[in-house]
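Source file: my_file.cif (mmCIF, C-alpha atoms)
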data_model
loop_
_atom_site.label_atom_id
_atom_site.label_comp_id
_atom_site.auth_asym_id
_atom_site.auth_seq_id
_atom_site.Cartn_x
_atom_site.Cartn_y
_atom_site.Cartn_z
CA MET A 7 134.68 139.32 6.53
CA PRO A 8 132.85 137.54 3.72
CA SER A 9 134.80 134.32 4.16
CA ALA A 10 133.78 134.17 7.81
CA ALA A 11 130.16 135.08 7.08
CA SER A 12 129.83 132.24 4.59
CA TYR A 13 130.72 129.84 7.39
CA PRO A 14 128.13 128.29 9.71
CA GLU A 15 128.87 130.04 13.00
CA LEU A 16 129.44 127.61 15.83
CA ARG A 17 127.86 129.44 18.75
CA TYR A 18 129.24 129.10 22.26
CA ARG A 19 126.03 127.35 23.34
CA ASP A 20 126.31 124.88 20.46
CA GLY A 21 129.90 124.16 21.36
CA VAL A 22 129.13 123.46 24.98
CA ARG A 23 126.20 121.24 24.00
CA ALA A 24 128.46 119.35 21.61
CA ALA A 25 131.18 119.08 24.25
CA ILE A 26 128.72 117.47 26.68
CA ALA A 27 127.99 114.59 24.31
CA VAL A 28 131.68 114.21 23.59
CA ALA A 29 132.51 114.45 27.30
CA ALA A 30 130.21 111.52 28.07
CA THR A 31 132.03 109.44 25.47
CA VAL A 32 135.40 110.57 26.80
CA TRP A 33 134.32 109.68 30.35
CA PHE A 34 133.61 106.08 29.34
CA PHE A 35 136.95 105.87 27.59
CA GLY A 36 138.67 107.26 30.69
CA ALA A 37 136.95 104.56 32.74
CA SER A 38 138.04 101.84 30.33
CA PHE A 39 141.59 103.19 30.40
CA GLY A 40 141.55 102.99 34.21
CA LEU A 41 140.27 99.43 34.06
CA LEU A 42 142.85 98.31 31.49
CA ALA A 43 145.70 100.10 33.26
CA ARG A 44 144.80 98.42 36.55
CA ALA A 45 144.64 95.05 34.80
CA ALA A 46 148.01 95.78 33.18
CA GLY A 47 149.57 96.04 36.62
CA MET A 48 149.98 99.82 36.71
CA GLY A 49 148.34 100.11 40.10
CA VAL A 50 145.88 102.82 41.15
CA LEU A 51 147.89 106.02 41.43
CA ALA A 52 150.06 105.78 38.28
CA PRO A 53 147.10 105.62 35.81
CA LEU A 54 145.52 108.61 37.57
CA VAL A 55 148.73 110.66 37.39
CA LEU A 56 149.13 109.69 33.73
CA SER A 57 145.57 110.84 32.93
CA ALA A 58 146.10 114.11 34.81
CA THR A 59 149.40 114.95 33.09
CA THR A 60 149.10 113.36 29.65
CA PHE A 61 145.35 113.78 29.02
CA ALA A 62 145.42 112.03 25.64
CA GLY A 63 143.51 108.81 25.12
CA SER A 64 145.30 106.94 22.36
CA ALA A 65 148.78 107.32 23.91
CA GLN A 66 147.54 106.17 27.31
CA PHE A 67 145.81 103.12 25.83
CA ALA A 68 149.07 102.31 24.05
CA VAL A 69 150.98 102.51 27.34
CA SER A 70 148.57 100.21 29.18
CA SER A 71 148.42 97.65 26.39
CA ILE A 72 152.21 97.54 25.92
CA LEU A 73 152.93 97.31 29.66
CA GLY A 74 150.13 94.76 30.06
CA ALA A 75 151.67 92.60 27.35
CA GLY A 76 155.08 92.84 29.02
CA GLY A 77 156.38 95.02 26.19
CA GLY A 78 158.85 96.98 28.26
CA THR A 79 159.35 100.52 29.48
CA PHE A 80 161.11 101.88 26.41
CA ALA A 81 158.52 100.51 23.95
CA ALA A 82 155.69 102.08 25.98
CA ILE A 83 157.45 105.45 26.13
CA ALA A 84 158.32 105.42 22.41
CA ALA A 85 154.78 104.56 21.32
CA ALA A 86 153.16 107.19 23.54
CA VAL A 87 155.60 109.95 22.59
CA LEU A 88 155.09 109.18 18.90
CA LEU A 89 151.32 109.18 19.33
CA ASN A 90 151.37 112.55 21.08
CA ALA A 91 153.84 114.26 18.76
CA ARG A 92 150.84 115.56 16.80
CA TYR A 93 150.19 117.97 19.68
CA ALA A 94 153.18 120.04 18.55
CA PRO A 95 151.54 121.08 15.23
CA ILE A 96 148.11 121.17 16.88
CA SER A 97 149.31 123.55 19.60
CA ILE A 98 151.04 125.75 17.03
CA SER A 99 147.72 126.12 15.18
CA VAL A 100 146.09 127.68 18.26
CA ALA A 101 149.12 129.60 19.57
CA PRO A 102 147.63 133.11 18.96
CA LEU A 103 144.77 132.34 21.40
CA PHE A 104 147.08 132.21 24.42
CA HIS A 105 148.03 135.36 26.31
CA GLY A 106 149.75 136.40 29.50
CA SER A 107 152.79 134.97 31.23
CA ARG A 108 154.58 131.89 29.97
CA LEU A 109 153.45 129.95 33.03
CA ARG A 110 149.82 130.82 32.36
CA ARG A 111 150.16 129.85 28.69
CA LEU A 112 151.81 126.58 29.74
CA ALA A 113 148.97 125.78 32.14
CA GLU A 114 146.16 126.69 29.73
CA SER A 115 147.79 124.79 26.87
CA GLN A 116 147.29 121.55 28.77
CA LEU A 117 143.56 121.77 27.99
CA ILE A 118 144.41 121.15 24.33
CA VAL A 119 143.19 117.71 23.32
CA ASP A 120 142.00 116.43 19.92
CA GLU A 121 138.34 116.97 20.74
CA SER A 122 138.57 120.43 22.37
CA TRP A 123 140.82 121.59 19.54
CA ALA A 124 138.46 120.24 16.87
CA LEU A 125 135.37 121.71 18.54
CA SER A 126 136.97 125.16 18.74
CA SER A 127 137.90 125.33 15.05
CA ARG A 128 136.06 128.07 13.14
CA GLY A 129 137.53 127.35 9.72
CA GLY A 130 140.18 129.19 7.73
CA GLY A 131 142.76 128.47 10.40
CA ARG A 132 140.90 130.39 13.10
CA PHE A 133 140.00 128.97 16.52
CA ASP A 134 137.84 130.19 19.39
CA ARG A 135 139.61 130.57 22.72
CA ARG A 136 136.52 130.21 24.93
CA LEU A 137 135.38 127.09 23.11
CA LEU A 138 138.84 125.54 23.32
CA LEU A 139 139.32 126.15 27.04
CA GLY A 140 135.68 125.56 28.00
CA ALA A 141 135.45 122.26 26.15
CA GLY A 142 138.96 121.33 27.26
CA LEU A 143 138.15 121.82 30.95
CA LEU A 144 134.96 119.75 30.70
CA LEU A 145 136.81 116.99 28.83
CA TYR A 146 139.71 117.07 31.31
CA VAL A 147 137.37 116.56 34.28
CA SER A 148 135.58 113.77 32.37
CA TRP A 149 138.83 112.01 31.48
CA VAL A 150 140.37 112.12 34.96
CA SER A 151 137.15 111.27 36.82
CA GLY A 152 136.45 108.46 34.34
CA THR A 153 139.94 107.11 34.97
CA ALA A 154 139.35 107.21 38.75
CA VAL A 155 136.13 105.23 38.45
CA GLY A 156 137.81 102.81 36.05
CA VAL A 157 140.76 101.96 38.29
CA LEU A 158 138.51 101.54 41.33
CA ALA A 159 135.35 99.98 39.90
CA GLY A 160 135.90 99.48 36.19
CA ASP A 161 134.57 95.92 36.05
CA ALA A 162 131.03 97.15 36.61
CA LEU A 163 131.04 99.41 33.53
CA GLY A 164 131.74 96.98 30.72
CA ASP A 165 133.62 97.57 27.50
CA PRO A 166 132.95 100.92 25.76
CA LYS A 167 133.24 99.04 22.49
CA ASN A 168 129.93 97.36 23.31
CA LEU A 169 128.41 100.84 23.34
CA GLY A 170 129.97 101.57 19.94
CA LEU A 171 131.91 104.51 21.33
CA ASP A 172 134.99 103.73 19.23
CA GLY A 173 132.87 104.41 16.14
CA ALA A 174 131.68 107.74 17.55
CA PHE A 175 135.10 109.44 17.48
CA PRO A 176 135.80 109.15 13.72
CA ALA A 177 132.23 110.36 13.04
CA LEU A 178 132.79 113.32 15.38
CA PHE A 179 135.98 114.31 13.57
CA LEU A 180 134.24 113.85 10.20
CA ALA A 181 131.41 116.17 11.31
CA LEU A 182 133.98 118.80 12.29
CA LEU A 183 135.96 118.26 9.07
CA VAL A 184 133.11 118.71 6.58
CA PRO A 185 132.52 122.47 7.15
CA GLN A 186 136.29 123.00 6.67
CA LEU A 187 136.24 121.67 3.11
CA ARG A 188 134.57 124.60 1.32
CA ALA A 189 137.85 126.17 0.28
CA PRO A 190 139.27 124.08 -2.59
CA GLN A 191 142.77 124.26 -1.15
CA ALA A 192 141.57 122.95 2.23
CA ALA A 193 139.67 120.12 0.54
CA LEU A 194 142.73 119.15 -1.46
CA ALA A 195 144.96 119.22 1.61
CA ALA A 196 142.45 117.08 3.56
CA VAL A 197 142.32 114.48 0.78
CA VAL A 198 146.13 114.35 0.55
CA ALA A 199 146.41 114.03 4.35
CA GLY A 200 143.81 111.25 4.47
CA ALA A 201 145.62 109.38 1.71
CA ILE A 202 149.00 109.71 3.45
CA ALA A 203 147.52 108.39 6.71
CA LEU A 204 145.75 105.51 4.96
CA ILE A 205 148.88 104.44 3.09
CA LEU A 206 151.12 104.61 6.17
CA ILE A 207 148.85 102.81 8.67
CA PRO A 208 150.02 99.28 7.71
CA PHE A 209 153.70 100.21 7.54
CA THR A 210 154.43 102.55 10.45
CA PRO A 211 153.83 102.51 14.21
CA PRO A 212 150.54 104.11 15.38
CA GLY A 213 150.93 107.89 15.62
CA THR A 214 153.31 108.19 12.70
CA PRO A 215 150.56 108.36 10.02
CA ILE A 216 149.02 111.46 11.63
CA VAL A 217 152.34 113.25 12.06
CA ALA A 218 153.35 112.43 8.47
CA ALA A 219 149.93 113.49 7.14
CA SER A 220 150.35 116.92 8.72
CA ALA A 221 152.93 117.62 6.00
CA ALA A 222 149.94 118.12 3.66
CA CYS A 223 149.41 121.56 5.20
CA LEU A 224 152.56 122.69 3.36
CA LEU A 225 150.16 123.11 0.42
CA GLY A 226 149.30 126.35 2.22
CA LEU A 227 152.61 127.81 1.05
CA ARG A 228 151.16 128.00 -2.47
CA ARG A 229 148.64 130.67 -1.49
CA ARG A 230 151.41 133.17 -0.96
CA ALA A 231 153.29 132.23 -4.11
CA SER A 232 150.30 132.67 -6.42
CA MET B 19 162.00 104.08 40.24
CA SER B 20 159.77 101.36 38.81
CA GLY B 21 159.24 101.03 35.06
CA VAL B 22 155.62 102.12 35.35
CA TRP B 23 156.50 105.40 37.06
CA LEU B 24 159.31 106.05 34.59
CA VAL B 25 156.75 105.74 31.76
CA VAL B 26 154.33 108.06 33.59
CA LEU B 27 157.06 110.63 34.17
CA VAL B 28 158.57 110.67 30.66
CA VAL B 29 155.28 110.46 28.75
CA GLY B 30 153.71 113.12 30.99
CA ILE B 31 156.56 115.58 30.56
CA ALA B 32 156.82 114.93 26.80
CA THR B 33 153.09 115.47 26.27
CA ILE B 34 153.02 118.62 28.39
CA ALA B 35 155.90 119.94 26.25
CA PHE B 36 154.17 119.03 22.96
CA LYS B 37 150.96 120.78 24.02
CA ALA B 38 152.86 123.83 25.23
CA THR B 39 154.98 124.20 22.07
CA GLY B 40 152.75 126.68 20.25
CA PRO B 41 151.25 128.62 23.18
CA VAL B 42 154.54 129.08 25.07
CA LEU B 43 156.88 129.74 22.12
CA LEU B 44 154.49 131.56 19.77
CA GLY B 45 151.62 132.69 22.02
CA ASP B 46 150.20 136.18 22.24
CA ARG B 47 151.10 137.22 18.70
CA GLU B 48 149.84 136.75 15.16
CA LEU B 49 151.66 134.16 13.12
CA PRO B 50 153.90 135.44 10.31
CA GLU B 51 152.22 135.25 6.88
CA PRO B 52 153.89 132.15 5.34
CA ILE B 53 153.31 130.19 8.54
CA ALA B 54 149.72 131.44 8.76
CA GLY B 55 148.97 129.97 5.32
CA VAL B 56 150.30 126.60 6.44
CA VAL B 57 148.62 126.70 9.85
CA ALA B 58 145.28 127.54 8.21
CA LEU B 59 145.35 124.08 6.66
CA LEU B 60 146.29 122.25 9.89
CA ALA B 61 142.67 121.79 10.97
CA PRO B 62 141.37 120.09 7.80
CA VAL B 63 144.61 118.12 7.45
CA LEU B 64 144.76 116.77 11.01
CA LEU B 65 140.99 116.18 11.19
CA SER B 66 141.17 114.17 7.97
CA ALA B 67 144.07 112.11 9.33
CA LEU B 68 142.17 111.56 12.61
CA VAL B 69 139.07 110.37 10.73
CA VAL B 70 141.14 107.85 8.76
CA THR B 71 143.23 106.53 11.66
CA GLN B 72 140.26 106.26 14.04
CA ALA B 73 138.01 104.62 11.43
CA VAL B 74 140.34 101.98 9.98
CA GLY B 75 143.54 102.24 12.03
CA GLY B 76 144.92 99.19 13.82
CA ASP B 77 148.24 98.12 15.23
CA ASN B 78 150.33 98.24 12.06
CA GLU B 79 147.38 97.14 9.94
CA LEU B 80 144.17 98.39 8.39
CA VAL B 81 141.19 97.08 10.37
CA LEU B 82 137.78 97.14 8.71
CA ASP B 83 135.17 96.58 11.43
CA ALA B 84 131.96 97.98 12.93
CA ARG B 85 133.54 101.43 13.22
CA LEU B 86 132.99 101.85 9.46
CA ALA B 87 129.23 101.40 9.93
CA GLY B 88 129.40 104.09 12.61
CA VAL B 89 131.23 106.52 10.35
CA GLY B 90 128.79 105.73 7.50
CA ALA B 91 125.75 106.38 9.69
CA GLY B 92 127.47 109.51 11.01
CA ALA B 93 128.02 110.70 7.44
CA VAL B 94 124.32 110.27 6.70
CA ALA B 95 123.47 112.27 9.83
CA ILE B 96 125.95 114.97 8.79
CA ALA B 97 124.41 115.12 5.30
CA ALA B 98 120.98 115.50 6.94
CA ARG B 99 122.42 118.47 8.89
CA ALA B 100 121.90 116.77 12.25
CA PRO B 101 123.45 118.61 15.22
CA LEU B 102 126.80 117.36 16.47
CA PRO B 103 125.53 115.38 19.51
CA ALA B 104 123.04 113.58 17.23
CA VAL B 105 125.88 112.66 14.87
CA VAL B 106 127.92 111.24 17.76
CA VAL B 107 125.00 109.22 19.17
CA THR B 108 123.96 107.94 15.71
CA ALA B 109 127.50 106.76 15.00
CA ALA B 110 127.80 105.01 18.38
CA LEU B 111 124.43 103.28 17.94
CA ALA B 112 125.27 102.10 14.42
CA THR B 113 128.66 100.79 15.57
CA ALA B 114 127.16 98.97 18.56
CA LEU B 115 124.30 97.45 16.53
CA THR B 116 126.65 96.29 13.78
CA ARG B 117 128.92 94.69 16.36
CA LEU B 118 125.91 93.00 17.97
CA VAL B 119 124.70 91.54 14.67
CA ALA B 120 128.05 90.67 13.12
#

Mind turning this structure into structure tokens?
Amino acid sequence: MPSAASYPELRYRDGVRAAIAVAATVWFFGASFGLLARAAGMGVLAPLVLSATTFAGSAQFAVSSILGAGGGTFAAIAAAVLLNARYAPISISVAPLFHGSRLRRLAESQLIVDESWALSSRGGGRFDRRLLLGAGLLLYVSWVSGTAVGVLAGDALGDPKNLGLDGAFPALFLALLVPQLRAPQAALAAVVAGAIALILIPFTPPGTPIVAASAACLLGLRRRAS
Amino acid sequence: MSGVWLVVLVVGIATIAFKATGPVLLGDRELPEPIAGVVALLAPVLLSALVVTQAVGGDNELVLDARLAGVGAGAVAIAARAPLPAVVVTAALATALTRLVA
């Protein structure tokens, strides 16, 4: 497979090492979510259940900030559902990695999160099952345990923004994007997607730009036509 | 049921369903060829959109702040072929320092 050989192989060890650094960042964000959710009047148990079932940072932060600002139940639900709609295309991209009964596939699929998905990407549309589930499990434990510490003792931890952690995520995704850009078609699709997202950010609710940008992958239909 | 628990219930079920879409409906088989060509581009497309929204995304506005310094420093680390954890730490440090100074 020449196309695979020309790719820098992400070894299992490298992936786990990378996931540890990301997991530390995710843990702090889980803690800050717990703190904000508590301050927003969500109590102790509800933020924990939300972290355990939803396991997606941006949507949960949206929920806590909308409820905290008195924005109402429907607004919080709509924002979070919109933000997490990207997991439909993301989960389709890794569908071939899941085997066994439907129940088992349902359970394992819950370890899909932006970071585990991105870390497991091997380029050319291929993903590594062990990386996805290994990183996903580590990140899941980090997120839920961070939330627990946040709701119970979050004041002691401070704001993760002071640690610059909000600037670490875009850099992480950029680092995982760059090796994907060697194929001209992939580079073009990435540029189109970035442009769509950039243009839509000021005009649409958060979450929409990413879902709309995913339409850029329709450029992949051209490969078959030519 | 209180509003908070209604949010937890609906958002939790919706997200579980989104994440299960591919594995439950399409799992355990290779994707058909036209879909495979499209899916092959999902990673670069969604990663690119994530970079943009996380770097300059705000609540219905573009926000240019210390995160850009983090992405810039991260880009330098990537160009220098630094390992992934070093990229993450470099970006966090640059973001934090910029915020401290600004």

Using all atoms listed in the file, the residue out of A:Ile98, A:Val28, A:Ala141, A:Val147 with shortest distance to chain B is A:Ile98

>> Just want the 6 Å neighbourhood of A:Ala37, counted on all atoms listed in the file, with same-chain residues fewer than 6 positions away dropped. Output as a list in words.
In response: Gly152, Thr153, Val155 and Gly156 of chain A

With all atoms listed in the file considered, list every residue of chain B at most 6 Å from chain A, as a ChimeraX atom specification.
/B:21,25-26,30,33,36-42,44-48,55-60,62-63,65-67,69,72-73,78-80,85,88-89,92,102-103,106,109-110,113-114

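For the pair atom CA of A:Thr214 and atom CA of A:Val32, the interatomic distance is 22.9 Å.
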
**Asked** How far is it from atom CA of A:Ala189 to atom CA of B:Val107, in Å with one decimal?
**Response**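 Interatomic distance, atom CA of A:Ala189 to atom CA of B:Val107: 28.4 Å.
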
In Å, rounded to a single decimal, give me how far atom CA of B:Ile53 is from atom CA of B:Thr71.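 If I compute the distance from atom CA of B:Thr71 to atom CA of B:Ile53, I get 25.9 Å.
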
My list of candidates is B:Asp77, B:Ala54, B:Val29, B:Leu64. Which is closest to A:Ser71 when distances are computed with all atoms listed in the file?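 Looking at the shortest contact to A:Ser71, the residue is B:Asp77.
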
Could you rebuild stretch 39-62 of chain B with N, CA and C atoms and give it back as an mmCIF file, in the frame of the given file?
data_model
loop_
_atom_site.group_PDB
_atom_site.id
_atom_site.type_symbol
_atom_site.label_atom_id
_atom_site.label_comp_id
_atom_site.auth_asym_id
_atom_site.auth_seq_id
_atom_site.Cartn_x
_atom_site.Cartn_y
_atom_site.Cartn_z
ATOM 1 N N THR B 39 154.084 123.681 23.123
ATOM 2 C CA THR B 39 154.980 124.200 22.070
ATOM 3 C C THR B 39 154.481 125.519 21.482
ATOM 4 N N GLY B 40 153.274 125.484 20.909
ATOM 5 C CA GLY B 40 152.750 126.680 20.250
ATOM 6 C C GLY B 40 152.457 127.805 21.235
ATOM 7 N N PRO B 41 151.618 127.541 22.264
ATOM 8 C CA PRO B 41 151.250 128.620 23.180
ATOM 9 C C PRO B 41 152.442 129.264 23.895
ATOM 10 N N VAL B 42 153.435 128.488 24.307
ATOM 11 C CA VAL B 42 154.540 129.080 25.070
ATOM 12 C C VAL B 42 155.544 129.776 24.142
ATOM 13 N N LEU B 43 155.864 129.150 22.999
ATOM 14 C CA LEU B 43 156.880 129.740 22.120
ATOM 15 C C LEU B 43 156.316 130.825 21.212
ATOM 16 N N LEU B 44 155.048 130.654 20.782
ATOM 17 C CA LEU B 44 154.490 131.560 19.770
ATOM 18 C C LEU B 44 153.269 132.317 20.269
ATOM 19 N N GLY B 45 152.867 132.118 21.537
ATOM 20 C CA GLY B 45 151.620 132.690 22.020
ATOM 21 C C GLY B 45 151.604 134.200 22.004
ATOM 22 N N ASP B 46 150.357 134.741 22.048
ATOM 23 C CA ASP B 46 150.200 136.180 22.240
ATOM 24 C C ASP B 46 150.673 136.998 21.045
ATOM 25 N N ARG B 47 150.752 136.417 19.866
ATOM 26 C CA ARG B 47 151.100 137.220 18.700
ATOM 27 C C ARG B 47 150.510 136.552 17.459
ATOM 28 N N GLU B 48 150.324 137.329 16.415
ATOM 29 C CA GLU B 48 149.840 136.750 15.160
ATOM 30 C C GLU B 48 150.985 136.007 14.490
ATOM 31 N N LEU B 49 150.630 134.930 13.806
ATOM 32 C CA LEU B 49 151.660 134.160 13.120
ATOM 33 C C LEU B 49 152.129 134.904 11.880
ATOM 34 N N PRO B 50 153.419 134.826 11.539
ATOM 35 C CA PRO B 50 153.900 135.440 10.310
ATOM 36 C C PRO B 50 153.198 134.831 9.087
ATOM 37 N N GLU B 51 153.078 135.610 8.027
ATOM 38 C CA GLU B 51 152.220 135.250 6.880
ATOM 39 C C GLU B 51 152.480 133.869 6.275
ATOM 40 N N PRO B 52 153.723 133.482 5.960
ATOM 41 C CA PRO B 52 153.890 132.150 5.340
ATOM 42 C C PRO B 52 153.441 131.036 6.280
ATOM 43 N N ILE B 53 153.728 131.208 7.574
ATOM 44 C CA ILE B 53 153.310 130.190 8.540
ATOM 45 C C ILE B 53 151.794 130.174 8.682
ATOM 46 N N ALA B 54 151.179 131.366 8.626
ATOM 47 C CA ALA B 54 149.720 131.440 8.760
ATOM 48 C C ALA B 54 149.029 130.653 7.652
ATOM 49 N N GLY B 55 149.565 130.716 6.419
ATOM 50 C CA GLY B 55 148.970 129.970 5.320
ATOM 51 C C GLY B 55 149.036 128.474 5.547
ATOM 52 N N VAL B 56 150.134 128.024 6.139
ATOM 53 C CA VAL B 56 150.300 126.600 6.440
ATOM 54 C C VAL B 56 149.411 126.188 7.605
ATOM 55 N N VAL B 57 149.406 127.019 8.650
ATOM 56 C CA VAL B 57 148.620 126.700 9.850
ATOM 57 C C VAL B 57 147.130 126.671 9.545
ATOM 58 N N ALA B 58 146.697 127.512 8.571
ATOM 59 C CA ALA B 58 145.280 127.540 8.210
ATOM 60 C C ALA B 58 144.809 126.175 7.707
ATOM 61 N N LEU B 59 145.729 125.394 7.182
ATOM 62 C CA LEU B 59 145.350 124.080 6.660
ATOM 63 C C LEU B 59 145.522 122.966 7.695
ATOM 64 N N LEU B 60 146.060 123.295 8.887
ATOM 65 C CA LEU B 60 146.290 122.250 9.890
ATOM 66 C C LEU B 60 144.994 121.592 10.335
ATOM 67 N N ALA B 61 143.918 122.380 10.491
ATOM 68 C CA ALA B 61 142.670 121.790 10.970
ATOM 69 C C ALA B 61 142.114 120.760 9.988
ATOM 70 N N PRO B 62 141.872 121.132 8.708
ATOM 71 C CA PRO B 62 141.370 120.090 7.800
ATOM 72 C C PRO B 62 142.328 118.907 7.638
#
